[in-house]
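What follows is the content of my_file_11.cif, which has mmCIF, C-alpha atoms and all ligand atoms:
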```cif
data_model
#
loop_
_atom_site.label_atom_id
_atom_site.label_comp_id
_atom_site.auth_asym_id
_atom_site.auth_seq_id
_atom_site.Cartn_x
_atom_site.Cartn_y
_atom_site.Cartn_z
CA MET K 1 0.00 0.00 0.00
CA ALA K 2 1.08 3.58 -0.66
CA LEU K 3 -0.11 6.89 0.79
CA SER K 4 -2.80 8.79 -1.09
CA ILE K 5 -1.17 12.14 -0.17
CA ARG K 6 1.95 13.67 -1.74
CA HIS K 7 2.79 16.01 1.17
CA LEU K 8 2.04 15.87 4.91
CA LEU K 9 0.67 19.35 5.65
CA GLY K 10 -1.66 18.37 8.48
CA LEU K 11 -4.07 15.64 9.62
CA ASP K 12 -7.22 17.59 8.73
CA GLY K 13 -8.66 15.60 5.83
CA VAL K 14 -6.12 12.76 5.97
CA SER K 15 -7.93 9.44 5.69
CA ARG K 16 -8.11 6.67 8.28
CA GLU K 17 -6.35 4.38 5.78
CA ASP K 18 -3.40 6.76 5.40
CA ILE K 19 -3.04 7.28 9.17
CA THR K 20 -3.21 3.51 9.76
CA LEU K 21 -0.60 2.91 7.05
CA ILE K 22 1.80 5.42 8.70
CA LEU K 23 1.30 3.85 12.15
CA ASP K 24 1.73 0.29 10.82
CA THR K 25 4.87 1.32 8.91
CA ALA K 26 6.25 3.00 12.05
CA ASP K 27 5.64 -0.24 13.95
CA SER K 28 7.67 -2.14 11.35
CA PHE K 29 10.61 0.26 11.80
CA PHE K 30 11.05 -0.67 15.48
CA GLU K 31 12.80 -3.84 14.33
CA VAL K 32 15.29 -1.68 12.39
CA LEU K 33 15.78 0.63 15.36
CA SER K 34 16.60 -2.32 17.64
CA ARG K 35 19.49 -3.50 15.40
CA GLU K 36 23.10 -2.96 16.37
CA ILE K 37 23.46 -0.77 13.29
CA PRO K 38 19.97 0.77 12.96
CA VAL K 39 20.18 1.81 9.33
CA VAL K 40 18.38 0.74 6.12
CA PRO K 41 19.26 1.93 2.60
CA THR K 42 15.69 2.94 1.75
CA LEU K 43 16.20 6.65 1.03
CA ARG K 44 19.78 6.46 -0.20
CA GLY K 45 20.39 9.26 -2.70
CA LYS K 46 17.51 11.42 -1.40
CA THR K 47 18.37 14.85 0.00
CA ILE K 48 16.14 16.21 2.78
CA VAL K 49 16.39 19.81 3.99
CA ASN K 50 15.32 20.52 7.56
CA LEU K 51 14.08 24.10 7.40
CA PHE K 52 13.54 25.19 10.99
CA TYR K 53 12.50 28.84 11.44
CA GLU K 54 11.46 28.14 15.06
CA GLY K 55 13.21 26.45 17.97
CA SER K 56 12.84 22.69 18.44
CA THR K 57 14.54 19.89 20.34
CA ARG K 58 12.44 16.73 19.88
CA THR K 59 11.06 17.29 16.38
CA ARG K 60 14.28 18.47 14.81
CA ILE K 61 16.52 15.80 16.30
CA SER K 62 14.07 12.99 15.60
CA PHE K 63 13.65 14.04 11.96
CA GLU K 64 17.44 14.16 11.57
CA LEU K 65 17.78 10.73 13.19
CA ALA K 66 14.98 9.32 11.02
CA GLU K 67 16.68 10.64 7.88
CA LYS K 68 20.02 9.11 8.90
CA ARG K 69 18.37 5.76 9.81
CA LEU K 70 16.90 5.70 6.27
CA SER K 71 20.27 6.59 4.66
CA ALA K 72 19.00 9.90 3.26
CA SER K 73 21.31 12.93 3.08
CA PRO K 74 20.00 15.45 5.64
CA VAL K 75 20.84 19.15 5.39
CA SER K 76 20.01 21.34 8.35
CA PHE K 77 19.08 24.98 8.03
CA SER K 78 19.01 27.44 10.86
CA VAL K 79 17.62 30.95 10.43
CA SER K 80 20.29 32.66 12.51
CA THR K 81 23.15 31.34 10.34
CA SER K 82 21.37 31.71 6.97
CA SER K 83 20.67 34.59 4.59
CA VAL K 84 17.19 34.92 6.12
CA SER K 85 18.96 37.16 8.64
CA LYS K 86 19.87 39.41 5.66
CA GLY K 87 16.22 39.69 4.65
CA GLU K 88 15.91 36.91 2.05
CA THR K 89 12.26 35.94 1.51
CA LEU K 90 10.88 32.48 2.16
CA ARG K 91 10.11 32.03 -1.55
CA ASP K 92 13.64 32.99 -2.60
CA THR K 93 15.09 30.80 0.14
CA ILE K 94 13.21 27.68 -0.96
CA ARG K 95 13.78 28.30 -4.69
CA ASN K 96 17.52 28.67 -4.12
CA ILE K 97 17.64 25.53 -1.99
CA GLU K 98 15.65 23.65 -4.65
CA ALA K 99 18.13 24.79 -7.31
CA MET K 100 20.69 22.61 -5.48
CA LYS K 101 18.54 19.52 -6.25
CA ILE K 102 16.69 18.45 -3.16
CA ASP K 103 13.89 15.90 -2.75
CA MET K 104 12.07 16.73 0.49
CA VAL K 105 11.69 19.63 2.90
CA VAL K 106 10.78 19.32 6.56
CA VAL K 107 9.61 22.74 7.70
CA ARG K 108 8.80 24.38 11.02
CA HIS K 109 7.65 28.00 10.94
CA ASP K 110 5.83 30.37 13.28
CA SER K 111 3.30 31.26 10.55
CA ALA K 112 0.35 28.99 9.82
CA GLY K 113 0.19 27.91 6.18
CA VAL K 114 3.91 28.02 5.37
CA PRO K 115 4.07 24.28 4.46
CA TYR K 116 1.20 24.77 2.00
CA PHE K 117 2.88 27.90 0.60
CA LEU K 118 6.05 25.87 -0.04
CA THR K 119 4.08 23.35 -2.10
CA GLN K 120 3.22 26.26 -4.43
CA CYS K 121 6.84 27.28 -5.06
CA THR K 122 8.78 24.00 -5.14
CA ASN K 123 8.39 20.48 -6.52
CA ALA K 124 9.94 18.95 -3.40
CA VAL K 125 7.80 16.88 -1.03
CA ILE K 126 6.84 18.99 2.01
CA VAL K 127 6.47 17.71 5.57
CA ASN K 128 4.99 20.01 8.21
CA ALA K 129 7.02 19.95 11.44
CA GLY K 130 4.73 22.56 13.07
CA ASP K 131 3.27 25.73 11.54
CA GLY K 132 2.16 28.53 13.82
CA LEU K 133 -1.13 27.77 15.58
CA HIS K 134 -2.22 25.46 12.76
CA GLU K 135 -0.94 21.84 12.84
CA HIS K 136 1.83 19.54 14.04
CA PRO K 137 0.85 16.30 12.28
CA THR K 138 3.86 14.12 13.11
CA GLN K 139 3.38 14.90 16.82
CA ALA K 140 -0.22 13.68 16.66
CA LEU K 141 0.88 10.56 14.75
CA LEU K 142 3.48 9.68 17.37
CA ASP K 143 0.89 10.33 20.09
CA MET K 144 -1.51 7.87 18.43
CA LEU K 145 1.27 5.34 17.92
CA THR K 146 2.13 5.53 21.63
CA ILE K 147 -1.51 5.05 22.67
CA ARG K 148 -1.96 2.12 20.26
CA GLN K 149 1.21 0.47 21.58
CA LYS K 150 0.16 0.87 25.21
CA ILE K 151 -3.57 0.06 24.99
CA GLY K 152 -3.67 -2.05 21.84
CA ARG K 153 -6.28 0.00 19.97
CA LEU K 154 -7.46 3.55 19.27
CA GLU K 155 -11.15 3.15 18.43
CA GLY K 156 -13.50 4.19 21.24
CA LEU K 157 -10.87 5.52 23.66
CA LYS K 158 -11.53 8.78 25.51
CA VAL K 159 -8.69 11.31 25.33
CA ALA K 160 -8.79 14.50 27.42
CA ILE K 161 -6.45 17.19 26.03
CA VAL K 162 -5.99 19.79 28.75
CA GLY K 163 -4.30 23.19 28.77
CA ASP K 164 -3.58 26.02 26.40
CA ILE K 165 -5.69 24.71 23.54
CA PHE K 166 -5.91 28.03 21.71
CA HIS K 167 -2.17 28.22 21.01
CA SER K 168 -1.70 24.49 20.45
CA ARG K 169 -1.08 23.04 17.00
CA VAL K 170 -0.68 19.68 18.77
CA ALA K 171 -4.28 19.87 20.04
CA ARG K 172 -5.58 20.69 16.56
CA SER K 173 -3.71 17.85 14.81
CA ASN K 174 -4.74 15.38 17.52
CA ALA K 175 -8.38 16.51 17.43
CA TRP K 176 -8.57 15.91 13.68
CA GLY K 177 -6.45 12.76 13.59
CA MET K 178 -7.97 11.06 16.63
CA LYS K 179 -11.52 11.83 15.49
CA THR K 180 -10.72 10.21 12.15
CA MET K 181 -9.48 7.13 14.03
CA GLY K 182 -12.76 6.83 15.99
CA MET K 183 -11.46 8.20 19.29
CA ASN K 184 -13.46 10.45 21.62
CA VAL K 185 -11.49 13.64 22.19
CA VAL K 186 -12.44 16.41 24.61
CA LEU K 187 -10.49 19.68 24.73
CA CYS K 188 -10.32 21.42 28.11
CA GLY K 189 -8.80 24.65 29.36
CA PRO K 190 -9.65 28.11 30.66
CA HIS K 191 -12.39 29.70 28.58
CA THR K 192 -9.91 32.29 27.25
CA LEU K 193 -7.54 29.56 26.03
CA LEU K 194 -10.15 27.53 24.15
CA PRO K 195 -10.53 27.82 20.33
CA GLN K 196 -12.77 30.63 19.11
CA HIS K 197 -14.43 28.35 16.53
CA PRO K 198 -14.41 24.88 18.15
CA GLU K 199 -16.95 23.58 15.63
CA SER K 200 -14.17 23.51 12.99
CA LEU K 201 -12.39 20.85 15.09
CA GLY K 202 -15.50 18.69 15.44
CA VAL K 203 -14.81 17.70 19.07
CA PRO K 204 -16.34 18.98 22.34
CA VAL K 205 -14.63 21.74 24.35
CA THR K 206 -15.13 22.54 28.02
CA ASP K 207 -13.62 24.59 30.83
CA ASN K 208 -14.78 21.96 33.36
CA LEU K 209 -11.73 19.80 34.15
CA GLU K 210 -13.60 17.17 36.19
CA GLU K 211 -16.02 16.63 33.28
CA ALA K 212 -13.10 16.30 30.82
CA LEU K 213 -11.20 13.82 33.00
CA ASP K 214 -14.23 11.66 33.81
CA GLY K 215 -13.66 8.20 32.27
CA ALA K 216 -10.54 9.28 30.34
CA ASP K 217 -8.22 6.54 29.08
CA VAL K 218 -5.59 9.12 28.17
CA VAL K 219 -4.87 12.60 29.57
CA MET K 220 -2.64 14.80 27.45
CA LEU K 221 -1.40 17.95 29.16
CA LEU K 222 -0.33 20.88 27.02
CA ARG K 223 2.29 23.47 27.76
CA LEU K 224 1.02 26.85 28.86
CA GLN K 225 2.64 28.80 26.01
CA LEU K 226 3.76 31.74 28.12
CA GLU K 227 5.63 33.32 25.18
CA ARG K 228 2.41 33.54 23.11
CA GLN K 229 0.02 34.85 25.80
CA SER K 230 -1.59 38.26 25.54
CA SER K 231 -2.30 39.80 28.93
CA GLY K 232 -5.40 38.76 30.84
CA THR K 233 -5.93 35.25 29.45
CA PHE K 234 -5.81 33.84 33.00
CA PRO K 235 -5.45 35.51 36.41
CA SER K 236 -2.16 33.94 37.57
CA ILE K 237 0.07 30.90 37.17
CA ARG K 238 -0.97 29.78 40.66
CA GLU K 239 -4.67 29.90 39.78
CA TYR K 240 -4.04 28.12 36.47
CA ARG K 241 -2.18 25.32 38.28
CA GLU K 242 -4.94 24.98 40.88
CA ARG K 243 -7.74 24.82 38.27
CA PHE K 244 -6.09 22.93 35.40
CA GLY K 245 -2.79 21.43 36.59
CA LEU K 246 -2.47 17.65 37.00
CA ASP K 247 -0.98 16.64 40.33
CA LEU K 248 -0.96 13.38 42.30
CA GLU K 249 -4.26 14.18 44.00
CA ARG K 250 -6.08 14.63 40.68
CA LEU K 251 -4.29 11.62 39.21
CA SER K 252 -5.50 9.42 42.09
CA ALA K 253 -9.11 10.04 41.04
CA LEU K 254 -8.46 8.69 37.52
CA SER K 255 -8.36 5.13 36.20
CA LYS K 256 -5.26 3.38 37.56
CA ASN K 257 -4.13 2.59 34.00
CA VAL K 258 -4.66 6.08 32.59
CA LEU K 259 -1.87 7.22 30.24
CA ILE K 260 -0.35 10.61 31.00
CA MET K 261 1.07 12.32 27.92
CA HIS K 262 2.71 15.66 27.11
CA PRO K 263 4.27 16.75 23.79
CA GLY K 264 7.00 18.70 25.60
CA PRO K 265 8.62 20.88 26.61
CA ILE K 266 6.94 20.65 30.06
CA ASN K 267 6.39 23.57 32.41
CA ARG K 268 7.03 21.41 35.48
CA GLY K 269 4.82 22.42 38.40
CA ILE K 270 2.38 24.37 36.20
CA GLU K 271 0.36 22.12 33.87
CA LEU K 272 1.96 18.95 35.22
CA ALA K 273 3.50 18.11 38.62
CA SER K 274 6.98 16.59 38.40
CA ASN K 275 5.98 13.45 40.32
CA VAL K 276 3.22 12.80 37.75
CA ALA K 277 5.45 13.60 34.74
CA ASP K 278 8.03 11.11 36.04
CA GLY K 279 5.54 8.64 37.55
CA PRO K 280 4.36 5.19 36.45
CA ASN K 281 1.43 6.41 34.33
CA SER K 282 3.59 8.75 32.28
CA VAL K 283 4.53 7.73 28.72
CA ILE K 284 6.15 11.04 27.88
CA LEU K 285 9.59 9.68 27.04
CA GLU K 286 8.02 6.83 25.05
CA GLN K 287 6.32 9.51 22.95
CA VAL K 288 9.75 10.94 22.21
CA THR K 289 11.19 7.51 21.35
CA ASN K 290 8.26 6.84 19.01
CA GLY K 291 8.87 10.13 17.22
CA VAL K 292 11.83 8.62 15.37
CA ALA K 293 9.85 5.62 14.04
CA VAL K 294 6.87 7.77 13.03
CA ARG K 295 9.09 10.24 11.18
CA MET K 296 10.89 7.37 9.47
CA ALA K 297 7.50 6.06 8.33
CA VAL K 298 6.36 9.46 7.03
CA LEU K 299 9.60 10.10 5.12
CA TYR K 300 9.72 6.55 3.77
CA LEU K 301 6.12 6.57 2.52
CA LEU K 302 6.25 10.12 1.10
CA GLY K 303 9.57 9.23 -0.49
CA GLY K 304 7.76 6.62 -2.59
CA GLY K 305 7.97 3.60 -0.31
CA GLU K 306 5.18 1.10 0.11
CA ASN K 307 4.18 -1.22 2.95
CA ASP K 308 2.16 -4.41 2.61
N1 LIG K 401 6.83 18.36 20.73
C1 LIG K 401 7.62 19.23 20.08
O1 LIG K 401 7.28 19.72 18.99
O2 LIG K 401 8.79 19.53 20.72
P1 LIG K 401 9.94 20.46 20.10
O3 LIG K 401 9.37 21.87 20.04
O4 LIG K 401 11.09 20.35 21.05
O5 LIG K 401 10.24 19.97 18.74
#
```
Represent the structure of the file as structure tokens.
Amino acid sequence: MALSIRHLLGLDGVSREDITLILDTADSFFEVLSREIPVVPTLRGKTIVNLFYEGSTRTRISFELAEKRLSASPVSFSVSTSSVSKGETLRDTIRNIEAMKIDMVVVRHDSAGVPYFLTQCTNAVIVNAGDGLHEHPTQALLDMLTIRQKIGRLEGLKVAIVGDIFHSRVARSNAWGMKTMGMNVVLCGPHTLLPQHPESLGVPVTDNLEEALDGADVVMLLRLQLERQSSGTFPSIREYRERFGLDLERLSALSKNVLIMHPGPINRGIELASNVADGPNSVILEQVTNGVAVRMAVLYLLGGGEND
């Protein structure tokens, strides 16, 4: 089977068959990753540019590792050491990079829609590594892979995504992707940090934490994006923690097998207490591990690979 999409711009509109194919392919790459030399020649000869206009630890490193595990030739681009700092436009940047014969671009940008824009000015395959407040599709895929590994299925599970929903591209990609996979997602946060048009996401939103957590199989905490807040979105960090933070006391009221997830980086002691982030229900580092296999699967399939 092959993917029906040429680029991965988001999970909105991506079919259940395509998501399942990516997750199944990622599963098959764990065998490769467990080898003494975890490398396959699948993308030998392909050049992949990692175009990161925004900071990243997990996404950037895991894409680079995935590219190396697939024997591609990765090229990393950082704004501060490029001609972007001299005022070069995004269109000129990508057209000049393409002139050097590249195959794929992995892009992170603080503006929503940049991955789509790149599809209009280059023939390279584009993979969205996070665009503004829009989508972060590979994060949602690795989240679903982690849940499927731990629980054995996705269909019918209740997932509470709690925190700064408004600024979260992770929440948006998960809402669309998980809904497609038959999961029951509820988004929860302070009223001022909920989406202005929740109907576009097709999942319920609430500012009632107890209602969101009731019966949840998975609780995903989101980082309070302090750098993106305008004033007055919530009264204080202390009040936010008391109303929406997950600590041991709140955890004890949940199912004993509940999965605790966070895309990182964590504001320890704000949305998530350290003893919960590092406790037995947490799968946060497994999410990070799974990021490499998921990104291998995405690059392999978009690079023309198939999986039976
Ligand atoms: N989850 C995530 O996108 O983390 P980074 O910003 O470190 O890539």
Inset, instruction - Would you mind listing the residues within 7 Å of ligand LIG 401 (chain K), counting all atoms listed in the file, as a PyMOL selection string? - result: chain K and resi 55-60+139+263-265
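Compared by their closest atoms to K:Val258, and using only C-alpha atoms, the residues K:Pro280, K:Gly87, K:Gly245, K:Gly156 rank with K:Pro280 nearest.
In this structure, atom CA of K:Leu299 sits 26.9 Å away from atom CA of K:Ser83.
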Inset, instruction - Up to 9 Å from (8.7, 28.1, 14.8) in the file's coordinates: name the residues, counting all atoms listed in the file, as JSON, numbers by chain. - result: {"K": [52, 53, 54, 55, 56, 107, 108, 109, 110, 111, 129, 130, 131, 132]}
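Remark: for K:Val114, the closest of the candidate residues K:Gly10, K:Pro190, K:Gly291, K:Gly182 is K:Gly10 (distances computed over all atoms listed in the file).
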Legend entry - 8 Å contact set for K:Met296, all atoms listed in the file, chain neighbours under 6 positions out, as a PyMOL selection string: chain K and resi 26+29+63+66-67+69-70
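Shortest atom-to-atom contact with K:Glu64 among K:Val106, K:Met178, K:Ala99, K:Val205: K:Val106, counting only C-alpha atoms.
Minimum distance to K:Gly189 across K:Asn208, K:Asn50, K:Thr146, K:Gln287 (counting only C-alpha atoms) occurs at K:Asn208.
Closest approach to K:Glu271 among K:Thr42, K:Thr192, K:Thr206, K:Gln225: K:Gln225, based on all atoms listed in the file.
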